[in-house]
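Below is one structure, written out as structure tokens, with a few remarks after it.
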Amino acid sequence: MSRVAYVNGSYVPFANAAVHIEDRGYQFADGVYEVMAVRNGRLVDLEPHLDRLDRSLAELSMAPAKSRGSLSVVFDEVVRRNRVTDGIVYVQMTRGVAKRDHAFPDASTNSLVVTARGTPPRSTSIIEEGVDVITVPDIRWKRCDIKTVSLLPNILAKQKAREAGAYEAWMVDESDRITEGSSTNAWIVEESGDLVTRQLDHAILSGITRMVVSDLAMRQQRRLVERPFTLEEAIGAAEAFLTSTTSFVTPVVRINRSPVGEGVPGPVTRALYDLYESHLSGQVHD
Ligand code: PMP
């Protein structure tokens, strides 16, 4: 089956899908994006993703390329045309095509690209065995709360992890505190069972999975403490895990090769994994 992409108003064969060479996304990374999960053909957490997209756009003084309603129609259509049952939708909006000049163009139409693809079920070894993370200095700019396509430090961090045989790189700020992963939020579980994850500020992205997992945990009467934590604390924690739209809840069992807790996925992480799985399949209701 051939894939289809949505590009600026048209559904086009994936192989020919393209934007102009003077698109500001291409030249300046002047754009924002979202990645949403598709489960059983249904978009998961559409509203919070649209909220975050609106916020990212507003922070960059970009007008939305389409209303929320029209956008969700496009998402559904791209999912349908690509026959995605379980997978992801990617949406990217840039400030559009304009003669190269750093300042915003007087007139340009935002570019909008939407793609979708199926993803194979995750290997059960990830939840059974957990993953390794390494740490790298956080060399990003001071507005990591904006979900921009400008991802060079994240790419370099993920590549370092790949080369070290690790799943993810956790980034460490100038006060030796972990901010987040290159494409995931970072969590630890204390001996008491309390969850710790960094507070929402300009140093991290407000992950939708982070939000959902916080909510699910609190419904289970689990205490959530939003504060920065150090590498030392993470290695000494009872458990650690990471969250994102594509990694769900993933146990972290080693950091810089040092085991966390028993060096195996812990009970709190497993319970949250199961709860999040139920959320993905639409089995958790308000
Ligand atoms: N932090 C960063 C830097 C990310 O790129 C992502 C993934 N978009 C996340 C956290 C997790 O966010 P979400 O749960 O919304 O996928």
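Labeling convention for the structure tokens: chains A, B, ... as they appear, residues from 1 per chain, ligands from 1 in order of appearance.
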(request) Name the residues of stretch 71-215 of chain A that come out as strand (DSSP E or B) in a backbone DSSP run; write them as a ChimeraX atom specification. (result) /A:87-94,97,111-118,131-137,148,168-172,177-181,185-189,195-197
(request) Select the residues contacting ligand 1 at a distance of at most 10 Å, based on only C-alpha atoms and all ligand atoms, then format the selection as a ChimeraX atom specification. (result) /A:33-37,45,48-49,52,140,144-149,151,153-155,170-171,179-186,203-213,242-249
Could those residues be written to a file, using C-alpha atoms, as a PDB file, in the first residue's frame?
```
ATOM      1  CA  TYR A  33       5.489  20.111  15.633  1.00  0.00           C
ATOM      2  CA  GLU A  34       3.524  17.460  17.470  1.00  0.00           C
ATOM      3  CA  VAL A  35       3.631  13.677  17.523  1.00  0.00           C
ATOM      4  CA  MET A  36       0.436  11.888  18.513  1.00  0.00           C
ATOM      5  CA  ALA A  37      -0.197   8.212  19.103  1.00  0.00           C
ATOM      6  CA  ASP A  45      -5.014  12.665  23.713  1.00  0.00           C
ATOM      7  CA  PRO A  48      -3.899  18.241  24.939  1.00  0.00           C
ATOM      8  CA  HIS A  49      -1.716  17.865  21.836  1.00  0.00           C
ATOM      9  CA  ARG A  52       0.339  22.355  23.244  1.00  0.00           C
ATOM     10  CA  ARG A 140      19.887  23.540  24.651  1.00  0.00           C
ATOM     11  CA  CYS A 144      12.744  24.020  25.872  1.00  0.00           C
ATOM     12  CA  ASP A 145       9.034  24.311  26.722  1.00  0.00           C
ATOM     13  CA  ILE A 146       8.342  25.238  23.083  1.00  0.00           C
ATOM     14  CA  LYS A 147       8.024  22.188  20.845  1.00  0.00           C
ATOM     15  CA  THR A 148      10.106  23.528  17.989  1.00  0.00           C
ATOM     16  CA  VAL A 149      11.630  21.526  15.139  1.00  0.00           C
ATOM     17  CA  LEU A 151      16.279  19.787  17.678  1.00  0.00           C
ATOM     18  CA  PRO A 153      21.117  19.252  20.721  1.00  0.00           C
ATOM     19  CA  ASN A 154      18.463  16.552  21.107  1.00  0.00           C
ATOM     20  CA  ILE A 155      19.717  14.778  17.993  1.00  0.00           C
ATOM     21  CA  TRP A 170      19.187  12.294  29.966  1.00  0.00           C
ATOM     22  CA  MET A 171      20.354  15.878  29.907  1.00  0.00           C
ATOM     23  CA  THR A 179      16.195  18.166  32.995  1.00  0.00           C
ATOM     24  CA  GLU A 180      14.716  15.526  30.657  1.00  0.00           C
ATOM     25  CA  GLY A 181      15.639  13.032  27.945  1.00  0.00           C
ATOM     26  CA  SER A 182      16.435  13.968  24.356  1.00  0.00           C
ATOM     27  CA  SER A 183      12.852  13.041  23.433  1.00  0.00           C
ATOM     28  CA  THR A 184      11.323  11.885  26.714  1.00  0.00           C
ATOM     29  CA  ASN A 185      10.569  13.120  30.235  1.00  0.00           C
ATOM     30  CA  ALA A 186      12.604  11.712  33.137  1.00  0.00           C
ATOM     31  CA  ALA A 203      13.913  23.844  30.915  1.00  0.00           C
ATOM     32  CA  ILE A 204      11.682  20.980  29.792  1.00  0.00           C
ATOM     33  CA  LEU A 205       8.882  20.139  27.416  1.00  0.00           C
ATOM     34  CA  SER A 206       5.514  19.677  29.025  1.00  0.00           C
ATOM     35  CA  GLY A 207       5.077  16.074  27.887  1.00  0.00           C
ATOM     36  CA  ILE A 208       1.538  14.906  27.276  1.00  0.00           C
ATOM     37  CA  THR A 209       2.501  11.448  28.538  1.00  0.00           C
ATOM     38  CA  ARG A 210       3.997  13.118  31.633  1.00  0.00           C
ATOM     39  CA  MET A 211       0.670  14.836  32.222  1.00  0.00           C
ATOM     40  CA  VAL A 212      -1.398  11.676  31.712  1.00  0.00           C
ATOM     41  CA  VAL A 213       0.902   9.526  33.864  1.00  0.00           C
ATOM     42  CA  LEU A 242      10.932   7.729  31.152  1.00  0.00           C
ATOM     43  CA  THR A 243       7.775   8.748  29.311  1.00  0.00           C
ATOM     44  CA  SER A 244       6.789   9.938  25.847  1.00  0.00           C
ATOM     45  CA  THR A 245       4.163   9.443  23.189  1.00  0.00           C
ATOM     46  CA  THR A 246       6.317   6.851  21.419  1.00  0.00           C
ATOM     47  CA  SER A 247       8.056   5.309  24.465  1.00  0.00           C
ATOM     48  CA  PHE A 248       4.940   5.229  26.711  1.00  0.00           C
ATOM     49  CA  VAL A 249       6.228   4.322  30.200  1.00  0.00           C
TER      50      VAL A 249
END
```
(message) Could you list, as a ChimeraX atom specification, every residue within 10 Å of A:Arg95, counting only C-alpha atoms and ignoring same-chain residues fewer than 2 positions away?
(response) /A:23-25,28-32,57,60-65,93,97-98,104-105,107-112
(message) If we count only C-alpha atoms and set the cut-off at 12 Å, which residues sit around A:Val7, ignoring sequence neighbours fewer than 2 positions away in its own chain? Please answer as JSON, numbers by chain.
(response) {"A": [4, 5, 9, 10, 11, 12, 13, 14, 16, 17, 18, 19, 20, 65, 74, 75, 78, 90, 91, 92, 93, 94, 96, 110, 111, 112, 113, 114, 115]}
For stretch 69-166 of chain A versus stretch 227-232 of chain A, which residues have an atom no more than 12 Å away, and what is each residue's nearest atom pair and distance in Å rounded to one decimal, using only C-alpha atoms, chain-then-number order, as CSV?
```
residue,atom,partner,partner_atom,distance
A:Val133,CA,A:Leu231,CA,11.2
A:Ile134,CA,A:Leu231,CA,10.1
A:Thr135,CA,A:Leu231,CA,8.2
A:Val136,CA,A:Leu231,CA,10.7
A:Pro137,CA,A:Leu231,CA,11.5
```
Could those residues be written to a file, using all heavy atoms, as a PDB file, in the first residue's frame?
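Written file, selection-v4.pdb:
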```
ATOM      1  N   VAL A 133      20.106   4.350  30.200  1.00  0.00           N
ATOM      2  CA  VAL A 133      20.284   5.723  29.728  1.00  0.00           C
ATOM      3  C   VAL A 133      21.686   6.200  30.090  1.00  0.00           C
ATOM      4  O   VAL A 133      22.308   5.677  31.030  1.00  0.00           O
ATOM      5  CB  VAL A 133      19.221   6.719  30.281  1.00  0.00           C
ATOM      6  CG1 VAL A 133      17.804   6.286  29.978  1.00  0.00           C
ATOM      7  CG2 VAL A 133      19.388   6.972  31.765  1.00  0.00           C
ATOM      8  N   ILE A 134      22.163   7.146  29.303  1.00  0.00           N
ATOM      9  CA  ILE A 134      23.417   7.812  29.654  1.00  0.00           C
ATOM     10  C   ILE A 134      23.071   9.272  29.952  1.00  0.00           C
ATOM     11  O   ILE A 134      21.929   9.697  29.695  1.00  0.00           O
ATOM     12  CB  ILE A 134      24.453   7.745  28.506  1.00  0.00           C
ATOM     13  CG1 ILE A 134      23.884   8.374  27.212  1.00  0.00           C
ATOM     14  CG2 ILE A 134      24.918   6.325  28.263  1.00  0.00           C
ATOM     15  CD1 ILE A 134      24.948   8.767  26.214  1.00  0.00           C
ATOM     16  N   THR A 135      24.019  10.020  30.485  1.00  0.00           N
ATOM     17  CA  THR A 135      23.739  11.445  30.688  1.00  0.00           C
ATOM     18  C   THR A 135      24.686  12.276  29.825  1.00  0.00           C
ATOM     19  O   THR A 135      25.815  11.863  29.535  1.00  0.00           O
ATOM     20  CB  THR A 135      23.895  11.861  32.166  1.00  0.00           C
ATOM     21  OG1 THR A 135      25.197  11.508  32.624  1.00  0.00           O
ATOM     22  CG2 THR A 135      22.849  11.191  33.035  1.00  0.00           C
ATOM     23  N   VAL A 136      24.188  13.428  29.405  1.00  0.00           N
ATOM     24  CA  VAL A 136      24.984  14.377  28.602  1.00  0.00           C
ATOM     25  C   VAL A 136      24.657  15.781  29.128  1.00  0.00           C
ATOM     26  O   VAL A 136      23.576  15.991  29.677  1.00  0.00           O
ATOM     27  CB  VAL A 136      24.635  14.300  27.088  1.00  0.00           C
ATOM     28  CG1 VAL A 136      24.988  12.949  26.502  1.00  0.00           C
ATOM     29  CG2 VAL A 136      23.174  14.635  26.820  1.00  0.00           C
ATOM     30  N   PRO A 137      25.582  16.725  28.935  1.00  0.00           N
ATOM     31  CA  PRO A 137      25.251  18.091  29.364  1.00  0.00           C
ATOM     32  C   PRO A 137      24.076  18.623  28.538  1.00  0.00           C
ATOM     33  O   PRO A 137      23.976  18.333  27.347  1.00  0.00           O
ATOM     34  CB  PRO A 137      26.527  18.881  29.036  1.00  0.00           C
ATOM     35  CG  PRO A 137      27.600  17.857  28.856  1.00  0.00           C
ATOM     36  CD  PRO A 137      26.931  16.596  28.395  1.00  0.00           C
TER      37      PRO A 137
END
```
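Restricting the calculation to only C-alpha atoms, the smallest distance between A:Ala116 and any of A:Leu152, A:Val38, A:Ala161, A:Val44 is found for A:Val38.
The environment of A:Val252 within 8 Å, counting only C-alpha atoms and disregarding residues fewer than 5 places along the same chain, consists of Gly130, Val131, Asp132, Val133, Glu239, Ala240, Phe241, Leu242, Val260 and Pro265 of chain A.
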Would you save the residues of that selection, restricted to N, CA, C and O atoms, as a compact mmCIF listing (two decimals), in the first residue's frame?
```
# COMPACT_ATOMS: atom_id res chain seq x y z
N GLY A 130 13.75 -3.45 30.86
CA GLY A 130 14.11 -2.05 31.05
C GLY A 130 15.22 -1.63 30.11
O GLY A 130 15.71 -2.44 29.31
N VAL A 131 15.60 -0.36 30.19
CA VAL A 131 16.59 0.17 29.25
C VAL A 131 17.69 0.93 30.01
O VAL A 131 17.54 1.28 31.17
N ASP A 132 18.77 1.17 29.29
CA ASP A 132 19.89 1.97 29.79
C ASP A 132 19.73 3.42 29.35
O ASP A 132 19.31 3.67 28.22
N VAL A 133 20.11 4.35 30.20
CA VAL A 133 20.28 5.72 29.73
C VAL A 133 21.69 6.20 30.09
O VAL A 133 22.31 5.68 31.03
N GLU A 239 13.49 3.31 41.78
CA GLU A 239 13.19 3.00 40.38
C GLU A 239 13.37 4.27 39.56
O GLU A 239 13.36 5.38 40.12
N ALA A 240 13.48 4.10 38.25
CA ALA A 240 13.48 5.25 37.36
C ALA A 240 12.75 4.84 36.08
O ALA A 240 12.67 3.65 35.76
N PHE A 241 12.17 5.81 35.42
CA PHE A 241 11.54 5.51 34.14
C PHE A 241 11.46 6.77 33.30
O PHE A 241 11.79 7.88 33.76
N LEU A 242 11.09 6.59 32.05
CA LEU A 242 10.93 7.73 31.15
C LEU A 242 9.58 7.61 30.45
O LEU A 242 9.00 6.51 30.38
N VAL A 260 20.03 1.07 38.71
CA VAL A 260 19.08 1.83 39.54
C VAL A 260 18.31 0.79 40.34
O VAL A 260 17.76 -0.16 39.78
N PRO A 265 13.17 -3.63 36.20
CA PRO A 265 11.99 -2.77 36.31
C PRO A 265 11.27 -3.00 37.64
O PRO A 265 11.08 -4.14 38.06
```
(request) Quote the spacing between atom CA of A:Ala271 and atom CA of A:Gln220 in Å to one decimal place. (result) 10.0 Å
(request) Would you mind listing what lies within 12 Å of A:Val189 as a PyMOL selection string, with only C-alpha atoms counted and same-chain residues fewer than 5 positions away left out? (result) chain A and resi 194-197+217+222-226+229+233-242+251-253+260-261+265-270+272
How about saving the chosen residues, C-alpha atoms kept, as an mmCIF file, in the first residue's frame?
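Just written: out-v2.cif:
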```
data_model
loop_
_atom_site.group_PDB
_atom_site.id
_atom_site.type_symbol
_atom_site.label_atom_id
_atom_site.label_comp_id
_atom_site.auth_asym_id
_atom_site.auth_seq_id
_atom_site.Cartn_x
_atom_site.Cartn_y
_atom_site.Cartn_z
ATOM 1 C CA ASP A 194 6.643 8.889 45.758
ATOM 2 C CA LEU A 195 7.179 9.909 42.142
ATOM 3 C CA VAL A 196 9.590 12.693 41.292
ATOM 4 C CA THR A 197 9.798 14.515 37.970
ATOM 5 C CA ALA A 217 -0.673 8.088 39.431
ATOM 6 C CA ARG A 222 0.351 8.097 44.674
ATOM 7 C CA ARG A 223 2.237 11.243 45.687
ATOM 8 C CA LEU A 224 3.874 13.235 42.907
ATOM 9 C CA VAL A 225 6.646 15.677 43.714
ATOM 10 C CA GLU A 226 7.578 18.058 40.917
ATOM 11 C CA PHE A 229 16.656 15.746 40.868
ATOM 12 C CA GLU A 233 19.719 10.799 43.349
ATOM 13 C CA ALA A 234 18.528 9.026 40.221
ATOM 14 C CA ILE A 235 21.136 6.283 40.536
ATOM 15 C CA GLY A 236 20.246 5.903 44.215
ATOM 16 C CA ALA A 237 16.488 5.894 43.571
ATOM 17 C CA ALA A 238 14.277 2.837 44.022
ATOM 18 C CA GLU A 239 13.188 2.996 40.377
ATOM 19 C CA ALA A 240 13.477 5.254 37.357
ATOM 20 C CA PHE A 241 11.539 5.513 34.141
ATOM 21 C CA LEU A 242 10.932 7.729 31.152
ATOM 22 C CA PRO A 251 11.613 1.428 32.854
ATOM 23 C CA VAL A 252 15.173 2.749 33.195
ATOM 24 C CA VAL A 253 17.368 0.147 34.887
ATOM 25 C CA VAL A 260 19.077 1.826 39.538
ATOM 26 C CA GLY A 261 17.567 0.006 42.514
ATOM 27 C CA PRO A 265 11.991 -2.767 36.311
ATOM 28 C CA GLY A 266 10.313 -2.019 39.639
ATOM 29 C CA PRO A 267 6.702 -2.528 40.720
ATOM 30 C CA VAL A 268 5.688 1.150 40.605
ATOM 31 C CA THR A 269 6.936 1.548 37.037
ATOM 32 C CA ARG A 270 5.194 -1.654 35.986
ATOM 33 C CA LEU A 272 2.164 2.824 35.743
#
```
(request) From a DSSP calculation on the backbone, collect every residue of stretch 98-244 of chain A in helix (DSSP H, G or I) and output the set as a PyMOL selection string. (result) chain A and resi 124-129+152-163+208-219+231-236
Could you take the residues named above and write them with N, CA and C atoms, as a tab-separated table (two decimals), in the first residue's frame?
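What ended up in part_9.tsv:
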```
chain	number	residue	atom	x	y	z
A	124	THR	N	8.47	-6.76	23.99
A	124	THR	CA	8.14	-6.92	25.41
A	124	THR	C	9.40	-6.87	26.27
A	125	SER	N	10.58	-7.07	25.63
A	125	SER	CA	11.80	-7.05	26.45
A	125	SER	C	12.03	-5.67	27.05
A	126	ILE	N	11.50	-4.63	26.40
A	126	ILE	CA	11.72	-3.28	26.93
A	126	ILE	C	11.04	-3.14	28.29
A	127	ILE	N	9.85	-3.65	28.42
A	127	ILE	CA	9.16	-3.54	29.70
A	127	ILE	C	9.64	-4.63	30.67
A	128	GLU	N	9.99	-5.79	30.12
A	128	GLU	CA	10.45	-6.88	30.99
A	128	GLU	C	11.84	-6.58	31.56
A	129	GLU	N	12.71	-6.01	30.70
A	129	GLU	CA	14.11	-5.85	31.12
A	129	GLU	C	14.50	-4.41	31.40
A	152	LEU	N	18.65	20.18	17.19
A	152	LEU	CA	20.04	19.71	17.07
A	152	LEU	C	20.63	19.13	18.36
A	153	PRO	N	20.53	19.84	19.50
A	153	PRO	CA	21.12	19.25	20.72
A	153	PRO	C	20.47	17.92	21.08
A	154	ASN	N	19.17	17.81	20.81
A	154	ASN	CA	18.46	16.55	21.11
A	154	ASN	C	18.97	15.43	20.21
A	155	ILE	N	19.21	15.77	18.95
A	155	ILE	CA	19.72	14.78	17.99
A	155	ILE	C	21.11	14.30	18.42
A	156	LEU	N	21.95	15.27	18.80
A	156	LEU	CA	23.32	14.92	19.20
A	156	LEU	C	23.29	14.04	20.46
A	157	ALA	N	22.39	14.38	21.37
A	157	ALA	CA	22.27	13.59	22.60
A	157	ALA	C	21.81	12.17	22.29
A	158	LYS	N	20.79	12.06	21.43
A	158	LYS	CA	20.27	10.71	21.11
A	158	LYS	C	21.34	9.89	20.40
A	159	GLN	N	22.12	10.53	19.54
A	159	GLN	CA	23.17	9.82	18.83
A	159	GLN	C	24.23	9.30	19.81
A	160	LYS	N	24.57	10.13	20.80
A	160	LYS	CA	25.53	9.69	21.84
A	160	LYS	C	25.00	8.45	22.54
A	161	ALA	N	23.69	8.48	22.84
A	161	ALA	CA	23.08	7.32	23.50
A	161	ALA	C	23.20	6.09	22.60
A	162	ARG	N	22.84	6.29	21.34
A	162	ARG	CA	22.90	5.18	20.38
A	162	ARG	C	24.30	4.58	20.35
A	163	GLU	N	25.30	5.47	20.27
A	163	GLU	CA	26.69	5.00	20.18
A	163	GLU	C	27.14	4.29	21.45
A	208	ILE	N	2.94	15.31	27.11
A	208	ILE	CA	1.54	14.91	27.28
A	208	ILE	C	1.50	13.59	28.06
A	209	THR	N	2.45	12.71	27.80
A	209	THR	CA	2.50	11.45	28.54
A	209	THR	C	2.80	11.73	30.01
A	210	ARG	N	3.69	12.70	30.25
A	210	ARG	CA	4.00	13.12	31.63
A	210	ARG	C	2.72	13.54	32.34
A	211	MET	N	1.91	14.34	31.64
A	211	MET	CA	0.67	14.84	32.22
A	211	MET	C	-0.30	13.68	32.53
A	212	VAL	N	-0.45	12.79	31.55
A	212	VAL	CA	-1.40	11.68	31.71
A	212	VAL	C	-0.93	10.74	32.84
A	213	VAL	N	0.37	10.44	32.84
A	213	VAL	CA	0.90	9.53	33.86
A	213	VAL	C	0.77	10.17	35.25
A	214	SER	N	1.01	11.48	35.35
A	214	SER	CA	0.85	12.17	36.65
A	214	SER	C	-0.58	12.00	37.13
A	215	ASP	N	-1.51	12.19	36.20
A	215	ASP	CA	-2.92	12.12	36.53
A	215	ASP	C	-3.30	10.69	36.97
A	216	LEU	N	-2.83	9.71	36.20
A	216	LEU	CA	-3.14	8.31	36.53
A	216	LEU	C	-2.56	7.94	37.90
A	217	ALA	N	-1.34	8.42	38.16
A	217	ALA	CA	-0.67	8.09	39.43
A	217	ALA	C	-1.43	8.72	40.59
A	218	MET	N	-1.87	9.96	40.42
A	218	MET	CA	-2.55	10.63	41.52
A	218	MET	C	-3.91	9.98	41.80
A	219	ARG	N	-4.53	9.48	40.74
A	219	ARG	CA	-5.80	8.76	40.95
A	219	ARG	C	-5.60	7.50	41.77
A	231	LEU	N	21.71	13.47	39.23
A	231	LEU	CA	22.11	12.17	38.70
A	231	LEU	C	22.33	11.18	39.85
A	232	GLU	N	22.99	11.69	40.90
A	232	GLU	CA	23.29	10.85	42.06
A	232	GLU	C	21.99	10.31	42.68
A	233	GLU	N	21.01	11.20	42.80
A	233	GLU	CA	19.72	10.80	43.35
A	233	GLU	C	19.05	9.75	42.47
A	234	ALA	N	19.18	9.95	41.16
A	234	ALA	CA	18.53	9.03	40.22
A	234	ALA	C	19.14	7.64	40.34
A	235	ILE	N	20.47	7.59	40.43
A	235	ILE	CA	21.14	6.28	40.54
A	235	ILE	C	20.78	5.62	41.87
A	236	GLY	N	20.58	6.44	42.89
A	236	GLY	CA	20.25	5.90	44.21
A	236	GLY	C	18.75	5.67	44.41
```
